[in-house]
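A short write-up of the structure that comes next.
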Amino acid sequence: MNTHLSVFALSAILIASLGLAPAFGQTDSINVTTDKTSYEDGDTILVTGAVKDRLTGVPVSLRVVAPNGNLVTVAQIDVNADKTFSSELIAGGALMKSSGTYKITAFYGTEHRVAETTFEFAGSMGAPAASPSIKVTGTDFMVNYKITGGKLISITPDVDAHSLIIAITANQDGSLVITLPRSLIDSKMGDQDDTFFVLVDGEEVDFEETATSTDRTLTIQFPAGAEEIEIIGTVVVPEFGTIAVMILAVAIISIIAVSAKSRLSIMPRY
């Protein structure tokens with residue numbers, strides 16, 4: 001009887017100890033977690049965490065790695081005044097297709113401030129569909145995008161503001177993933193990339209970005225009822241497409257021809 005009681009007591013202690021154990025990969029200096037343990041294709045993954053000591057001007061670096069070890073995304077996240085941080089990712093896409101266990105690692109300042117967590121992803125259903133595209137008004141540019149929770153209506157350059165105005169309808173909270181050619185719009189400080197400003201209905205919002213030498217891809221969250229997203233850079237292509245250039249060229253040639261003919265008509269003949 002005493003043996004049974006001892007086994008029961010030991011089991012209770014072990015269970016209590018497991019309940020009090022810290023989450024996988026957490027340290028005293030930083031922790032990170034997700035709002036759910038598993039996600040379906042297209043779900044929003046909310047990543048949150050906190051740091052013990054806030055380092056002024058130092059962001060948290062998030063890295064998401066697929067089950068096969070490939071890097072899915074890297075993001076820089078500012079730490080709030082209350083020492084917390086958060087970010088949103090969209091499950092799925094070109095780099096998150098396989099089902100399995102994905103690992104999120106949060107780095108903060110030094111190699112000793114590292115935390116990890118994992119989540120399960122069910123995988124994308126079948127081959128990914130080709131991204132839709134839309135022509136930017138007044139230009140020859142076609143822009144690839146993916147939108148959830150709404151519909152993209154149009155994209156119009158604002159040359160004076162160095163921005164693109166994106167008209168949308170949003171019947172629920174959603175996100176827009178848009179790939180912008182650098183030759184269409186860019187944000188530079190000298191030779192270095194600078195941060196875009198993104199406004200949703202006039203309010204500045206945070207966004208995720210990946211960049212290559214030819215384009216920059218932004219992931220922008222928007223609330224239900226949103227109507228306009230504005231992406232502001234330092235340079236945007238003028239609203240001057242091929243047709244406009246041809247019309248201008250024909251007009252110039254016509255003016256030159258008429259002028260030449262007029263000069264010939266007033267010259268004396270011998």
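Residues in the structure tokens are named by chain (A, B, ... in the order shown) and by number from 1 within that chain; ligands are numbered from 1 in the order shown.
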
In range 86-163 of chain A, DSSP strand (DSSP E or B) residues written as a count of residues only: 47

Write out as a compact mmCIF listing (two decimals) with N, CA, C and O atoms, in the first residue's frame which residues come within 9 Å of Asn171 in chain A when counting only C-alpha atoms, dropping same-chain ones fewer than 4 positions away.
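Now in result10.txt:
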# COMPACT_ATOMS: atom_id res chain seq x y z
N GLY A 149 -9.54 38.18 -48.20
CA GLY A 149 -10.47 39.02 -47.44
C GLY A 149 -11.03 40.19 -48.22
O GLY A 149 -11.76 41.01 -47.67
N GLY A 150 -10.68 40.30 -49.50
CA GLY A 150 -11.17 41.43 -50.27
C GLY A 150 -10.83 41.30 -51.74
O GLY A 150 -10.44 40.24 -52.22
N LYS A 151 -10.95 42.40 -52.47
CA LYS A 151 -10.70 42.43 -53.92
C LYS A 151 -9.90 43.67 -54.26
O LYS A 151 -10.18 44.76 -53.75
N PRO A 223 -8.00 45.98 -42.40
CA PRO A 223 -9.21 45.59 -41.68
C PRO A 223 -10.41 45.53 -42.62
O PRO A 223 -10.39 46.06 -43.74
N ALA A 224 -11.47 44.91 -42.15
CA ALA A 224 -12.72 44.88 -42.90
C ALA A 224 -13.19 46.31 -43.15
O ALA A 224 -13.11 47.17 -42.28
N GLY A 225 -13.66 46.56 -44.37
CA GLY A 225 -14.15 47.89 -44.72
C GLY A 225 -13.10 48.81 -45.31
O GLY A 225 -13.44 49.91 -45.76
N ALA A 226 -11.83 48.38 -45.36
CA ALA A 226 -10.78 49.23 -45.91
C ALA A 226 -11.04 49.48 -47.40
O ALA A 226 -11.55 48.61 -48.11

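If only C-alpha atoms are the atoms counted, then among A:Gln192, A:Ser213, A:Glu230, A:Glu116 the closest residue to Ile165 in chain A is A:Glu230.
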
7 Å contact set for Phe196 in chain A, only C-alpha atoms, chain neighbours under 2 positions out, as number ranges by chain: A: 187, 194, 198, 231-233

Distance criterion (only C-alpha atoms): nearest to Val200 in chain A out of A:Thr212, A:Lys188, A:Thr169, A:Asp43: A:Thr169

Top pick for closest residue to Val32 in chain A, considering A:Ala106, A:Val237, A:Ile178, A:Leu89 and counting only C-alpha atoms: A:Ala106
